[in-house]
Amino acid sequence: MKKIKYYISALLLVAVAAMSLSSCGEEKLGPTIFPDVDETLDPTSYTYQLDTFLLENYLKKYNLTFLYKMPDISTNMNYNLVPATYENSIDLAVLCKYLWFDVYDKIAGKEFLKSYGPRIILLVGSPAYNPTSGTEIVGLAEGGIKVSLFKVNAMNMFINNPDMMNEYYFKTMHHEFAHILHQTKTYPNEFNTISIGHYDSNNWQDRSEGQVASLGFVTTYASSEFREDFAETIANYIVKTDAQWNRILDMASRGWTSGDEDDVTSEFFSYYYYKNNDVTNEPTYIYDRDVFTVTDEDGTVHKYWRNFTDPEGNRIVVYDVEDKDGIDGAEAILHKVQIARSWLKDAWNVDLDELRNEVQTRQADYDIANLRKMVTGGYNQ
């Protein structure tokens, strides 16, 4: 499960509750938003092209039911959810094929997903908000059988932005499939010992990326528990570009501070500070983005606070924050990747690096207009 922090107004909750109470009574309910699903394809139906595509490319090929009309029996009734739009369902259906199923077919063989893949993929238009933790769910893997992808109706806003598509959909696909695989064949317990004592299931969403990277996690959500750490490690390694992956390792190898020794969950974090001579020479911590470096011809690196000078007009020199957590975060992350790499090879005969290379190639230059033609006709392979 991938969860992202959100805020919701208490007044809105009150208003919704009041509306719910006022609607009770003798009035007839309006039509359901969950349409009846007919297994017989109707050539006159507006959804015929997508239904045919899903039948041929998912049901017949993988024995997988791809649900986008969101039948109510397939969803958790504790959440307020809406169906995915037809247009966005087309986009995610072809992208799932191109960036997930076709990739595994090529790297692991055409029988792999037919044997071990999910049996149901459910698309939901909205996220599932969790008011208890202040998070939203954008993906679920249930019992090694079903994968649910949420927030589908937002994807048209960044359909051509691979980074955003990764964050909400592509990474979620690989994350949830990693859950399915380890629910079938357990990964080595050694993985769980690497960051033991540093997981936080209650407050992971309040941690900063700099903090968790230094502790050996690829994302804040990875720091919530063992299984999520495992799935996040695999998913992020697969979808992150070289530059993005190296940034994680760079953060992991550095000291950090929230600027307040007692505030370990602060969203503010810093790798640098400058000496504040006005306050008994106490350090003042600054954001990483406010620092720039200058490299001399001899290779000497100087670091300065961006756009600020001292009263005499001199650049303000900044200093690295000491790494006090006693953990080599980069080494911990790479150790986790190696365990996942060996497990995938030994348990599944799947090469993680080949998988990553294929995904990187495909996600870097996918043409959504052409991929849509898998459904509408005229697709150019």
# chains A, B, ... in the order shown; residues from 1 in each chain; ligands from 1
$ residues_around --residues "Ala252 of chain A" --least-positions-apart "2" --cutoff "8 Å" --atoms "only C-alpha atoms" --output "PyMOL selection string"
chain A and resi 210+212-216+248-250+254+328-330
$ write_last_selection --atoms "C-alpha atoms" --output "tab-separated table (two decimals), in the first residue's frame"
chain	number	residue	atom	x	y	z
A	210	GLY	CA	16.21	13.09	4.52
A	212	VAL	CA	14.43	8.12	6.64
A	213	ALA	CA	17.07	7.90	3.91
A	214	SER	CA	19.79	8.36	6.51
A	215	LEU	CA	18.17	5.55	8.49
A	216	GLY	CA	18.25	3.25	5.46
A	248	ILE	CA	18.26	8.77	-2.50
A	249	LEU	CA	21.67	7.22	-1.87
A	250	ASP	CA	23.22	10.68	-1.52
A	254	ARG	CA	24.73	12.29	4.86
A	328	ASP	CA	25.24	4.08	6.99
A	329	GLY	CA	21.93	4.65	5.22
A	330	ALA	CA	23.28	4.09	1.72
$ residues_around --residues "segment 290-300 of chain A" --least-positions-apart "6" --cutoff "9 Å" --atoms "only C-alpha atoms" --output "VMD selection string"
chain A and resid 272 306 to 307 318
$ residues_around --residues "segment 107-120 of chain A" --least-positions-apart "3" --cutoff "8 Å" --atoms "only C-alpha atoms" --output "list in words"
Lys61, Tyr62, Asn63, Leu64, Thr65, Phe66, Leu67, Phe101, Val103, Tyr104, Gly144, Ile145, Lys146, Val147, Phe177, Ile180, Leu181, Asn349, Val350, Asp351, Glu354 and Leu355 of chain A
$ write_last_selection --atoms "C-alpha atoms" --output "PDB file, in the first residue's frame"
ATOM      1  CA  LYS A  61      -4.138 -14.260 -21.689  1.00  0.00           C
ATOM      2  CA  TYR A  62      -3.675 -14.150 -17.905  1.00  0.00           C
ATOM      3  CA  ASN A  63      -7.018 -15.340 -16.507  1.00  0.00           C
ATOM      4  CA  LEU A  64      -7.279 -11.862 -14.979  1.00  0.00           C
ATOM      5  CA  THR A  65     -10.441  -9.827 -14.593  1.00  0.00           C
ATOM      6  CA  PHE A  66      -9.816  -6.117 -15.139  1.00  0.00           C
ATOM      7  CA  LEU A  67     -12.559  -4.149 -13.401  1.00  0.00           C
ATOM      8  CA  PHE A 101       2.641  -7.223 -17.965  1.00  0.00           C
ATOM      9  CA  VAL A 103       7.810  -6.274 -19.108  1.00  0.00           C
ATOM     10  CA  TYR A 104       7.404  -9.433 -17.038  1.00  0.00           C
ATOM     11  CA  GLY A 144      -2.106 -12.404  -3.496  1.00  0.00           C
ATOM     12  CA  ILE A 145      -5.148 -12.273  -5.741  1.00  0.00           C
ATOM     13  CA  LYS A 146      -6.363  -8.724  -6.205  1.00  0.00           C
ATOM     14  CA  VAL A 147      -4.640  -5.394  -6.873  1.00  0.00           C
ATOM     15  CA  PHE A 177       2.999  -7.029  -7.186  1.00  0.00           C
ATOM     16  CA  ILE A 180       1.795 -10.679  -4.112  1.00  0.00           C
ATOM     17  CA  LEU A 181       5.127 -12.391  -4.731  1.00  0.00           C
ATOM     18  CA  ASN A 349      14.231 -16.769 -11.590  1.00  0.00           C
ATOM     19  CA  VAL A 350      13.622 -13.070 -12.256  1.00  0.00           C
ATOM     20  CA  ASP A 351      16.554 -10.715 -12.816  1.00  0.00           C
ATOM     21  CA  GLU A 354      16.987  -6.647 -16.285  1.00  0.00           C
ATOM     22  CA  LEU A 355      13.512  -5.820 -15.043  1.00  0.00           C
TER      23      LEU A 355
END
$ closest_residue --among "A:Val239, A:Cys96, A:Leu334, A:Ile286" --to "Asp320 of chain A" --atoms "only C-alpha atoms"
A:Ile286
$ select_by_dssp --residues "segment 110-325 of chain A" --states "helix (DSSP H, G or I)" --output "number ranges by chain"
A: 112-116, 152-157, 162-184, 190-194, 204-206, 209-215, 221-223, 226-239, 242-252, 288-290
$ residues_around --residues "Glu87 of chain A" --least-positions-apart "2" --cutoff "12 Å" --atoms "only C-alpha atoms" --output "list in words"
Tyr46, Thr47, Gln49, Leu50, Tyr68, Lys69, Pro83, Ala84, Thr85, Ser89, Ile90, Asp91, Leu92, Ala93, Val94, Gly125, Val152, Asn153, Ala154, Met155, Asn156, Ile159, Ile368, Ala369, Arg372, Val375 and Thr376 of chain A
$ closest_residue --among "A:Pro188, A:Gly197, A:Gly139, A:Gly313" --to "Lys171 of chain A" --atoms "only C-alpha atoms"
A:Gly139
